[in-house]
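Heads up: the structure comes next, in structure tokens.
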Amino acid sequence: MAEPPQKVTIMKGATADLSAATYQIHDESHTIGNALRWMLMKNPKVEFCGYSAPHPSENVIQVRIQMYDNLSSLSALITALADLDALCATIEDAYVADVRKGTYERWVERA
Amino acid sequence: MAETYDRRRLVGILAERVTDVSSRDFPGHYPGEDHSWSLEKFRENLTVKIQRASSRSIEFDLVGVDASIANAFRRIIIAEVPTICIENVYVYNNTTVVADEILAQRIGLIPLNVDPKEMDMKLDEDSTDRNTIVFNLRLQCTRKPDAPKDSTVASELYENHELLSGHLVWEPAGEQAEVFSKNPPAPTNPNIVLAKLRPGQQVDITLHAVKGVGKDHAKFSPVATASYRLLPNIVIKKPIPPHLAEKFQKCFSPGVIHIDPRTNAVSVDEKNKRKDTVSREVLRHPEFEGHVELSRVRDFFLFNIESESAYPPQRLFPEAIAIMRGKLANIRRAAESLLDRPSGDTDVVMTDS
């Protein structure tokens with residue numbers, strides 16, 4: 001069997017210091033792409049961030065990141081992933097807390 | 001008092017177009033303002049409020065998040081939260097008028113009550129008691145000997161004239177009998193008609209159910225719908241003349257507009273304004289021009305999730321968050337492994353050739 005493709009690869013054309021690079025993420029879609037793009041754009045050190053799903057027959061997305069001050073786009077990507085995880089945890093806690101509070105309307109729905 | 005929203009949070013709704021659709025809360029957009037990511041600020045502004053729930057559906061508000069986040073959760077619930085469905089159909093005999101492949105397709109769509117937590121994903125060809133549940137489907141239609149002579153009703157004339165989802169018989173294997181002892185695997189609804197039979201016709205089928213996700217096949221999707229809308233916002237700018245109050249009220253969904261029975265004064269029912277469909281009917285009438293402003297709140301998501309699987313509806317959203325976090329961790333691990341890639345001469349692949 002063929003070797004499984006790498007989850008994240010840096011595409012051709014990245015600068016040597018990775019201050020501008022395009023990352024190809026395998027087996028992901030707009031679900032992660034748009035959320036990740038949003039979180040990267042929240043970073044003031046990110047000059048530009050955009051993503052695309054190049055073709056429906058290719059199971060990948062490509063995330064382009066360009067940084068100010070020659071900073072590393074790879075560390076920005078890792079930070080954004082960590083921040084998104086913290087965001088998810090916050091939403092989960094808030095949801096679980098409200099379900100547990102149980103102050104919502106209950107109604108009977110027939111199957 | 002009516003709740004007012006910051007203009008920046010509103011998506012304007014005009015007669016023939018919408019305005020301010022995209023969010024602009026990014027660093028650098030508003031000069032002198034800090035819009036960089038802050039978990040504390042996010043936590044402060046976040047509201048999650050369950051509105052109503054039944055055994056099959058849940059409605060809740062998710063306030064203070066970007067559309068990209070709300071949409072990620074919606075997409076994951078539909079396409080990536082796993083469920084158990086019948087994947088392989090082995091037909092030994094089928095003399096009904098329904099062709100094998102049609103019957104197999106119908107059987108695949110039956111929702112099963114198996115908690116996906118109890119099973120593993122089937123990753124290769126090897127079936128085990130941890131990743132496959134076996135059902136048998138055997139039925140033969142016969143004449144009822146004591147049927148009334150002049151009857152034309154199938155249920156009076158024949159035994160087993162309908163093949164139903166309830167006819168599935170679970171075949172426990174390995175440790176399954178113990179694992180599923182509290183809740184034996186079966187269809188969530190036993191009354192789904194799979195085929196109609198006549199005397200002499202029969203089926204003998206073995207079925208294998210496995211764990212899968214909606215992006216592979218829609219039958220694995222745990223929901224009938226998982227959707228959100230934005231909270232409608234209606235602002236009355238000038239008092240509505242009392243003689244037009246009823247006409248104004250009829251431009252909106254029932255319950256959205258309140259008319260004071262004594263003074264005929266018109267106001268928006270804050271609790272019920274979420275019921276509005278934002279049909280924009282009110283913008284068609286010249287007499288209301290300039291009286292009312294329609295909009296939606298960009299970060300106020302009204303979620304509606306209808307479970308059609310073994311998951312109780314309350315569980316689907318946390319399940320989606322867990323999957324999202326799993327994906328993020330996965331990508332993060334891969335990205336971190338790029339950090340210690342050898343630099344210098346091996347950089348050839350990175351630069352333009």
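Each chain in the structure tokens gets a letter, A, B and so on, in the order shown; residues start at 1 in every chain, and ligands are counted from 1 in the order they appear.
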Write out as a ChimeraX atom specification which residues come within 12 Å of Ala35 of chain A when counting only C-alpha atoms, dropping same-chain ones fewer than 2 positions away. /A:28-33,37-42,49-51,63,80-81,83-85,87-88 /B:65-73,75,324,327-328
Write the residues you've just listed into a file as an mmCIF file, in the first residue's frame, and include N, CA and C atoms for each of them.
```
data_model
loop_
_atom_site.group_PDB
_atom_site.id
_atom_site.type_symbol
_atom_site.label_atom_id
_atom_site.label_comp_id
_atom_site.auth_asym_id
_atom_site.auth_seq_id
_atom_site.Cartn_x
_atom_site.Cartn_y
_atom_site.Cartn_z
ATOM 1 N N GLU A 28 -8.687 17.800 4.742
ATOM 2 C CA GLU A 28 -9.478 18.807 5.445
ATOM 3 C C GLU A 28 -10.260 19.613 4.417
ATOM 4 N N SER A 29 -11.252 20.379 4.896
ATOM 5 C CA SER A 29 -12.130 21.093 3.979
ATOM 6 C C SER A 29 -12.388 22.493 4.515
ATOM 7 N N HIS A 30 -13.441 23.117 4.042
ATOM 8 C CA HIS A 30 -13.823 24.456 4.507
ATOM 9 C C HIS A 30 -14.072 24.475 6.010
ATOM 10 N N THR A 31 -14.442 23.339 6.580
ATOM 11 C CA THR A 31 -14.708 23.262 8.019
ATOM 12 C C THR A 31 -13.528 23.820 8.809
ATOM 13 N N ILE A 32 -12.347 23.277 8.540
ATOM 14 C CA ILE A 32 -11.141 23.752 9.219
ATOM 15 C C ILE A 32 -10.607 24.998 8.516
ATOM 16 N N GLY A 33 -10.660 25.007 7.184
ATOM 17 C CA GLY A 33 -10.043 26.090 6.415
ATOM 18 C C GLY A 33 -10.534 27.463 6.819
ATOM 19 N N ARG A 37 -8.481 30.252 8.955
ATOM 20 C CA ARG A 37 -8.245 31.539 8.297
ATOM 21 C C ARG A 37 -8.680 32.682 9.214
ATOM 22 N N TRP A 38 -9.855 32.508 9.823
ATOM 23 C CA TRP A 38 -10.369 33.559 10.710
ATOM 24 C C TRP A 38 -9.440 33.771 11.899
ATOM 25 N N MET A 39 -9.010 32.680 12.506
ATOM 26 C CA MET A 39 -8.152 32.811 13.681
ATOM 27 C C MET A 39 -6.795 33.411 13.309
ATOM 28 N N LEU A 40 -6.265 33.061 12.143
ATOM 29 C CA LEU A 40 -4.986 33.640 11.710
ATOM 30 C C LEU A 40 -5.128 35.141 11.449
ATOM 31 N N MET A 41 -6.273 35.529 10.909
ATOM 32 C CA MET A 41 -6.487 36.952 10.628
ATOM 33 C C MET A 41 -6.654 37.766 11.901
ATOM 34 N N LYS A 42 -6.971 37.081 13.015
ATOM 35 C CA LYS A 42 -7.085 37.766 14.302
ATOM 36 C C LYS A 42 -5.706 38.119 14.855
ATOM 37 N N CYS A 49 -3.850 36.397 5.121
ATOM 38 C CA CYS A 49 -4.151 34.977 5.225
ATOM 39 C C CYS A 49 -5.365 34.659 4.377
ATOM 40 N N GLY A 50 -5.251 33.604 3.598
ATOM 41 C CA GLY A 50 -6.373 33.160 2.788
ATOM 42 C C GLY A 50 -6.265 31.663 2.592
ATOM 43 N N TYR A 51 -7.400 31.028 2.271
ATOM 44 C CA TYR A 51 -7.315 29.588 2.036
ATOM 45 C C TYR A 51 -8.141 29.243 0.814
ATOM 46 N N VAL A 63 -3.545 26.793 2.688
ATOM 47 C CA VAL A 63 -3.641 27.997 3.517
ATOM 48 C C VAL A 63 -2.403 28.850 3.264
ATOM 49 N N ALA A 80 -2.368 29.734 16.095
ATOM 50 C CA ALA A 80 -3.784 29.812 15.703
ATOM 51 C C ALA A 80 -4.500 28.506 16.011
ATOM 52 N N LEU A 81 -3.837 27.378 15.776
ATOM 53 C CA LEU A 81 -4.443 26.073 16.062
ATOM 54 C C LEU A 81 -4.697 25.924 17.563
ATOM 55 N N ASP A 83 -5.104 28.423 19.706
ATOM 56 C CA ASP A 83 -6.163 29.364 20.082
ATOM 57 C C ASP A 83 -7.541 28.828 19.701
ATOM 58 N N LEU A 84 -7.610 28.191 18.528
ATOM 59 C CA LEU A 84 -8.890 27.613 18.105
ATOM 60 C C LEU A 84 -9.324 26.514 19.070
ATOM 61 N N ASP A 85 -8.348 25.756 19.545
ATOM 62 C CA ASP A 85 -8.663 24.691 20.484
ATOM 63 C C ASP A 85 -9.204 25.276 21.795
ATOM 64 N N LEU A 87 -10.714 28.112 22.075
ATOM 65 C CA LEU A 87 -12.044 28.629 21.734
ATOM 66 C C LEU A 87 -13.085 27.514 21.802
ATOM 67 N N CYS A 88 -12.748 26.363 21.224
ATOM 68 C CA CYS A 88 -13.658 25.210 21.243
ATOM 69 C C CYS A 88 -13.939 24.774 22.679
ATOM 70 N N VAL B 65 -19.780 34.413 18.491
ATOM 71 C CA VAL B 65 -18.749 33.721 17.712
ATOM 72 C C VAL B 65 -18.856 34.144 16.244
ATOM 73 N N ASP B 66 -17.775 33.927 15.505
ATOM 74 C CA ASP B 66 -17.766 34.249 14.088
ATOM 75 C C ASP B 66 -18.506 33.162 13.304
ATOM 76 N N ALA B 67 -18.995 33.543 12.130
ATOM 77 C CA ALA B 67 -19.723 32.586 11.289
ATOM 78 C C ALA B 67 -18.852 31.388 10.932
ATOM 79 N N SER B 68 -17.542 31.605 10.784
ATOM 80 C CA SER B 68 -16.671 30.495 10.393
ATOM 81 C C SER B 68 -16.634 29.412 11.464
ATOM 82 N N ILE B 69 -16.790 29.813 12.728
ATOM 83 C CA ILE B 69 -16.780 28.845 13.825
ATOM 84 C C ILE B 69 -18.131 28.128 13.895
ATOM 85 N N ALA B 70 -19.213 28.910 13.847
ATOM 86 C CA ALA B 70 -20.549 28.306 13.897
ATOM 87 C C ALA B 70 -20.738 27.351 12.728
ATOM 88 N N ASN B 71 -20.234 27.757 11.562
ATOM 89 C CA ASN B 71 -20.389 26.926 10.367
ATOM 90 C C ASN B 71 -19.563 25.652 10.471
ATOM 91 N N ALA B 72 -18.388 25.747 11.101
ATOM 92 C CA ALA B 72 -17.563 24.550 11.269
ATOM 93 C C ALA B 72 -18.321 23.508 12.087
ATOM 94 N N PHE B 73 -18.959 23.944 13.159
ATOM 95 C CA PHE B 73 -19.697 22.995 13.998
ATOM 96 C C PHE B 73 -20.885 22.407 13.238
ATOM 97 N N ARG B 75 -21.165 22.017 9.998
ATOM 98 C CA ARG B 75 -20.645 21.080 8.999
ATOM 99 C C ARG B 75 -20.195 19.765 9.627
ATOM 100 N N MET B 324 -13.894 18.469 16.260
ATOM 101 C CA MET B 324 -13.140 19.659 15.838
ATOM 102 C C MET B 324 -11.798 19.714 16.563
ATOM 103 N N LYS B 327 -9.368 17.190 15.248
ATOM 104 C CA LYS B 327 -8.775 17.608 13.970
ATOM 105 C C LYS B 327 -7.683 18.640 14.202
ATOM 106 N N LEU B 328 -7.960 19.600 15.098
ATOM 107 C CA LEU B 328 -6.980 20.653 15.375
ATOM 108 C C LEU B 328 -5.709 20.051 15.966
#
```
Kindly provide, as a VMD selection string, the residues of chain A having any atom no farther than 8 Å from an atom of chain B, counting only C-alpha atoms. chain A and resid 6 to 16 25 30 to 32 34 to 35 38 to 39 41 to 44 74 77 to 78 81 to 92 94 to 96 98 to 99 103 to 109 111
Can I get the selected residues back with C-alpha atoms, as a compact mmCIF listing (two decimals), in the first residue's frame?
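What follows is the written file part-v9.txt:
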```
# COMPACT_ATOMS: atom_id res chain seq x y z
CA GLN A 6 1.62 13.86 5.16
CA LYS A 7 -1.08 15.84 6.98
CA VAL A 8 0.65 19.21 6.51
CA THR A 9 3.22 20.11 3.87
CA ILE A 10 4.83 23.42 2.94
CA MET A 11 4.30 24.13 -0.73
CA LYS A 12 6.90 25.22 -3.23
CA GLY A 13 7.59 28.95 -3.25
CA ALA A 14 7.83 29.60 0.48
CA THR A 15 10.45 32.07 1.62
CA ALA A 16 13.45 30.54 3.40
CA ILE A 25 -3.42 20.38 4.68
CA HIS A 30 -13.82 24.46 4.51
CA THR A 31 -14.71 23.26 8.02
CA ILE A 32 -11.14 23.75 9.22
CA ASN A 34 -12.40 28.97 7.16
CA ALA A 35 -12.10 28.71 10.94
CA TRP A 38 -10.37 33.56 10.71
CA MET A 39 -8.15 32.81 13.68
CA MET A 41 -6.49 36.95 10.63
CA LYS A 42 -7.08 37.77 14.30
CA ASN A 43 -3.30 37.80 14.71
CA PRO A 44 -1.99 41.39 14.23
CA LEU A 74 4.63 28.33 10.93
CA LEU A 77 -0.15 28.64 12.31
CA ILE A 78 0.61 26.63 15.43
CA LEU A 81 -4.44 26.07 16.06
CA ALA A 82 -3.89 26.31 19.82
CA ASP A 83 -6.16 29.36 20.08
CA LEU A 84 -8.89 27.61 18.10
CA ASP A 85 -8.66 24.69 20.48
CA ALA A 86 -9.06 27.03 23.47
CA LEU A 87 -12.04 28.63 21.73
CA CYS A 88 -13.66 25.21 21.24
CA ALA A 89 -13.06 24.32 24.88
CA THR A 90 -14.68 27.58 26.00
CA ILE A 91 -17.77 26.99 23.86
CA GLU A 92 -18.00 23.40 25.08
CA ALA A 94 -20.51 27.13 28.20
CA TYR A 95 -22.78 24.66 26.39
CA VAL A 96 -22.36 21.88 28.95
CA ASP A 98 -26.18 25.54 30.29
CA VAL A 99 -27.44 22.03 29.55
CA THR A 103 -33.58 25.96 32.49
CA TYR A 104 -34.83 25.31 28.98
CA GLU A 105 -38.29 24.48 27.71
CA ARG A 106 -38.98 20.77 27.26
CA TRP A 107 -41.57 19.62 24.81
CA VAL A 108 -42.84 16.34 23.47
CA GLU A 109 -42.08 15.61 19.84
CA ALA A 111 -41.65 10.30 16.28
```
Å distance separating atom CA of Pro286 of chain B from atom CA of Glu270 of chain B, one decimal place: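 Atom CA of Glu270 of chain B lies at a distance of 25.1 Å from atom CA of Pro286 of chain B.
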Enumerate the residues of segment 104-313 of chain B with a DSSP assignment of strand (DSSP E or B), computed from the backbone, and present them as a compact mmCIF listing (two decimals) with N, CA and C atoms, in the first residue's frame.
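File written: states.txt
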```
# COMPACT_ATOMS: atom_id res chain seq x y z
N LEU B 112 -30.21 3.16 13.10
CA LEU B 112 -30.07 2.16 14.15
C LEU B 112 -29.83 2.84 15.50
N ILE B 133 -21.74 -5.20 13.35
CA ILE B 133 -22.93 -5.80 13.97
C ILE B 133 -23.70 -6.53 12.87
N VAL B 134 -24.10 -7.76 13.16
CA VAL B 134 -24.76 -8.58 12.14
C VAL B 134 -26.26 -8.67 12.44
N PHE B 135 -27.06 -8.48 11.39
CA PHE B 135 -28.50 -8.68 11.49
C PHE B 135 -28.93 -9.70 10.45
N ASN B 136 -30.02 -10.37 10.73
CA ASN B 136 -30.64 -11.24 9.73
C ASN B 136 -32.03 -10.71 9.42
N LEU B 137 -32.41 -10.90 8.18
CA LEU B 137 -33.72 -10.43 7.74
C LEU B 137 -34.34 -11.58 6.95
N ARG B 138 -35.28 -12.29 7.60
CA ARG B 138 -35.92 -13.42 6.93
C ARG B 138 -37.42 -13.27 7.07
N LEU B 139 -38.11 -13.37 5.94
CA LEU B 139 -39.56 -13.24 6.00
C LEU B 139 -40.17 -13.96 4.80
N GLN B 140 -41.28 -14.64 5.06
CA GLN B 140 -41.99 -15.31 3.98
C GLN B 140 -43.46 -14.94 4.08
N THR B 142 -47.36 -15.61 3.40
CA THR B 142 -48.27 -16.74 3.16
C THR B 142 -49.71 -16.26 3.19
N ARG B 143 -50.60 -17.12 2.67
CA ARG B 143 -52.04 -16.84 2.74
C ARG B 143 -52.56 -17.14 4.14
N TYR B 158 -53.25 -11.89 3.98
CA TYR B 158 -51.93 -12.53 3.98
C TYR B 158 -51.21 -12.34 5.31
N GLU B 159 -50.38 -13.32 5.60
CA GLU B 159 -49.45 -13.23 6.73
C GLU B 159 -48.15 -12.61 6.20
N GLU B 162 -45.85 -7.31 4.62
CA GLU B 162 -44.94 -6.16 4.57
C GLU B 162 -43.62 -6.53 5.24
N LEU B 163 -42.53 -6.21 4.57
CA LEU B 163 -41.21 -6.37 5.18
C LEU B 163 -40.89 -5.06 5.89
N LEU B 164 -40.75 -5.12 7.23
CA LEU B 164 -40.56 -3.90 8.02
C LEU B 164 -39.17 -3.88 8.64
N VAL B 169 -33.34 -9.02 12.78
CA VAL B 169 -33.00 -9.80 13.97
C VAL B 169 -31.49 -9.70 14.21
N TRP B 170 -31.14 -9.20 15.37
CA TRP B 170 -29.73 -9.02 15.70
C TRP B 170 -29.09 -10.35 16.05
N GLU B 171 -27.89 -10.59 15.51
CA GLU B 171 -27.12 -11.80 15.80
C GLU B 171 -25.91 -11.41 16.63
N PRO B 187 -33.48 -1.14 14.87
CA PRO B 187 -33.82 0.14 14.24
C PRO B 187 -34.48 1.07 15.26
N VAL B 193 -41.44 0.57 6.20
CA VAL B 193 -41.74 -0.48 5.22
C VAL B 193 -40.59 -0.57 4.22
N LEU B 194 -40.00 -1.75 4.10
CA LEU B 194 -38.87 -1.94 3.18
C LEU B 194 -39.34 -2.53 1.85
N ALA B 195 -40.34 -3.39 1.92
CA ALA B 195 -40.87 -4.00 0.70
C ALA B 195 -42.25 -4.55 1.01
N LYS B 196 -43.07 -4.71 -0.06
CA LYS B 196 -44.38 -5.34 0.12
C LYS B 196 -44.33 -6.72 -0.51
N GLN B 202 -40.46 -14.32 -0.70
CA GLN B 202 -39.72 -14.32 0.55
C GLN B 202 -38.38 -13.62 0.40
N VAL B 203 -37.81 -13.25 1.55
CA VAL B 203 -36.45 -12.69 1.57
C VAL B 203 -35.63 -13.44 2.61
N ASP B 204 -34.34 -13.55 2.33
CA ASP B 204 -33.38 -14.13 3.27
C ASP B 204 -32.09 -13.35 3.08
N ILE B 205 -31.83 -12.45 4.00
CA ILE B 205 -30.73 -11.49 3.83
C ILE B 205 -29.92 -11.41 5.12
N THR B 206 -28.61 -11.30 4.99
CA THR B 206 -27.74 -11.02 6.14
C THR B 206 -27.15 -9.62 5.96
N LEU B 207 -27.09 -8.88 7.08
CA LEU B 207 -26.67 -7.47 7.01
C LEU B 207 -25.52 -7.22 7.96
N HIS B 208 -24.56 -6.44 7.51
CA HIS B 208 -23.45 -6.03 8.38
C HIS B 208 -23.50 -4.52 8.58
N ALA B 209 -23.61 -4.10 9.83
CA ALA B 209 -23.63 -2.67 10.15
C ALA B 209 -22.26 -2.25 10.66
N VAL B 210 -21.78 -1.10 10.19
CA VAL B 210 -20.47 -0.59 10.61
C VAL B 210 -20.58 0.89 10.98
N LYS B 211 -19.48 1.40 11.53
CA LYS B 211 -19.43 2.81 11.90
C LYS B 211 -18.93 3.62 10.72
N GLY B 212 -19.54 4.77 10.47
CA GLY B 212 -19.12 5.60 9.35
C GLY B 212 -19.50 7.05 9.56
N VAL B 223 -28.04 13.48 11.77
CA VAL B 223 -29.12 14.46 11.89
C VAL B 223 -30.01 14.48 10.65
N ALA B 224 -31.27 14.88 10.89
CA ALA B 224 -32.15 15.20 9.77
C ALA B 224 -31.78 16.59 9.27
N THR B 225 -31.70 17.54 10.20
CA THR B 225 -31.16 18.86 9.87
C THR B 225 -30.28 19.32 11.01
N ALA B 226 -29.25 20.06 10.68
CA ALA B 226 -28.49 20.83 11.65
C ALA B 226 -28.27 22.15 10.96
N SER B 227 -28.92 23.20 11.47
CA SER B 227 -28.87 24.47 10.76
C SER B 227 -28.85 25.63 11.75
N TYR B 228 -28.47 26.78 11.28
CA TYR B 228 -28.58 27.98 12.11
C TYR B 228 -29.14 29.12 11.29
N ARG B 229 -29.74 30.10 11.97
CA ARG B 229 -30.12 31.36 11.33
C ARG B 229 -29.62 32.46 12.22
N LEU B 230 -29.61 33.68 11.69
CA LEU B 230 -29.19 34.82 12.51
C LEU B 230 -30.43 35.44 13.14
N LEU B 231 -30.26 35.96 14.34
CA LEU B 231 -31.39 36.58 15.04
C LEU B 231 -31.90 37.78 14.27
N PRO B 232 -33.20 37.80 13.93
CA PRO B 232 -33.76 38.98 13.26
C PRO B 232 -33.81 40.16 14.24
N ASN B 233 -33.60 41.36 13.73
CA ASN B 233 -33.66 42.56 14.55
C ASN B 233 -34.57 43.55 13.84
N ILE B 234 -35.62 43.98 14.56
CA ILE B 234 -36.60 44.90 13.97
C ILE B 234 -36.61 46.16 14.82
N VAL B 235 -36.34 47.29 14.18
CA VAL B 235 -36.35 48.56 14.92
C VAL B 235 -37.41 49.47 14.32
N ILE B 236 -38.35 49.90 15.15
CA ILE B 236 -39.37 50.84 14.70
C ILE B 236 -38.83 52.25 14.90
N ILE B 257 -45.03 41.15 16.36
CA ILE B 257 -45.43 42.53 16.62
C ILE B 257 -46.56 42.55 17.64
N HIS B 258 -46.38 43.39 18.65
CA HIS B 258 -47.38 43.51 19.70
C HIS B 258 -48.16 44.81 19.50
N ILE B 259 -49.50 44.73 19.57
CA ILE B 259 -50.33 45.94 19.50
C ILE B 259 -50.99 46.13 20.86
N VAL B 266 -47.86 50.30 18.54
CA VAL B 266 -47.17 49.12 17.99
C VAL B 266 -45.78 48.99 18.60
N SER B 267 -45.43 47.77 19.00
CA SER B 267 -44.07 47.53 19.48
C SER B 267 -43.61 46.14 19.06
N VAL B 268 -42.31 45.92 19.11
CA VAL B 268 -41.74 44.61 18.76
C VAL B 268 -41.69 43.76 20.02
N VAL B 292 -39.49 51.67 9.70
CA VAL B 292 -38.93 50.45 10.30
C VAL B 292 -37.61 50.09 9.62
N GLU B 293 -36.71 49.52 10.43
CA GLU B 293 -35.41 49.08 9.91
C GLU B 293 -35.26 47.60 10.22
N LEU B 294 -34.98 46.81 9.19
CA LEU B 294 -34.79 45.37 9.39
C LEU B 294 -33.31 45.04 9.34
N SER B 295 -32.91 44.11 10.16
CA SER B 295 -31.52 43.65 10.13
C SER B 295 -31.45 42.30 10.82
N ARG B 296 -30.25 41.73 10.79
CA ARG B 296 -29.99 40.50 11.55
C ARG B 296 -28.71 40.71 12.31
N VAL B 297 -28.56 40.00 13.43
CA VAL B 297 -27.37 40.16 14.26
C VAL B 297 -26.33 39.14 13.78
N ARG B 298 -25.18 39.65 13.34
CA ARG B 298 -24.23 38.81 12.62
C ARG B 298 -23.63 37.69 13.47
N ASP B 299 -23.51 37.92 14.79
CA ASP B 299 -22.85 36.90 15.62
C ASP B 299 -23.83 36.23 16.57
N PHE B 300 -25.12 36.26 16.23
CA PHE B 300 -26.16 35.68 17.08
C PHE B 300 -26.78 34.50 16.33
N PHE B 301 -26.30 33.30 16.63
CA PHE B 301 -26.73 32.13 15.86
C PHE B 301 -27.82 31.36 16.60
N LEU B 302 -28.93 31.12 15.90
CA LEU B 302 -30.02 30.32 16.46
C LEU B 302 -29.88 28.92 15.84
N PHE B 303 -29.33 28.02 16.60
CA PHE B 303 -29.08 26.67 16.10
C PHE B 303 -30.34 25.81 16.26
N ASN B 304 -30.54 24.93 15.30
CA ASN B 304 -31.62 23.94 15.40
C ASN B 304 -31.05 22.61 14.93
N ILE B 305 -31.04 21.63 15.82
CA ILE B 305 -30.47 20.33 15.49
C ILE B 305 -31.53 19.25 15.73
N GLU B 306 -31.81 18.48 14.69
CA GLU B 306 -32.77 17.38 14.81
C GLU B 306 -32.02 16.07 14.69
N SER B 307 -31.92 15.34 15.78
CA SER B 307 -31.21 14.07 15.75
C SER B 307 -32.07 13.01 15.08
```
Using the chain letters and numbers from this document, which residues of segment 21-72 of chain A does DSSP assign to helix (DSSP H, G or I), as an MDAnalysis selection string? chainID A and resid 30:41
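Here atom CA of Ile110 of chain B is placed at a distance of 28.0 Å from atom CA of Asp27 of chain A.
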Residues near Ser73 of chain A, anyone? I mean within 7 Å using only C-alpha atoms, not counting same-chain ones fewer than 6 positions away, as number ranges by chain. A: 18-21, 65-67
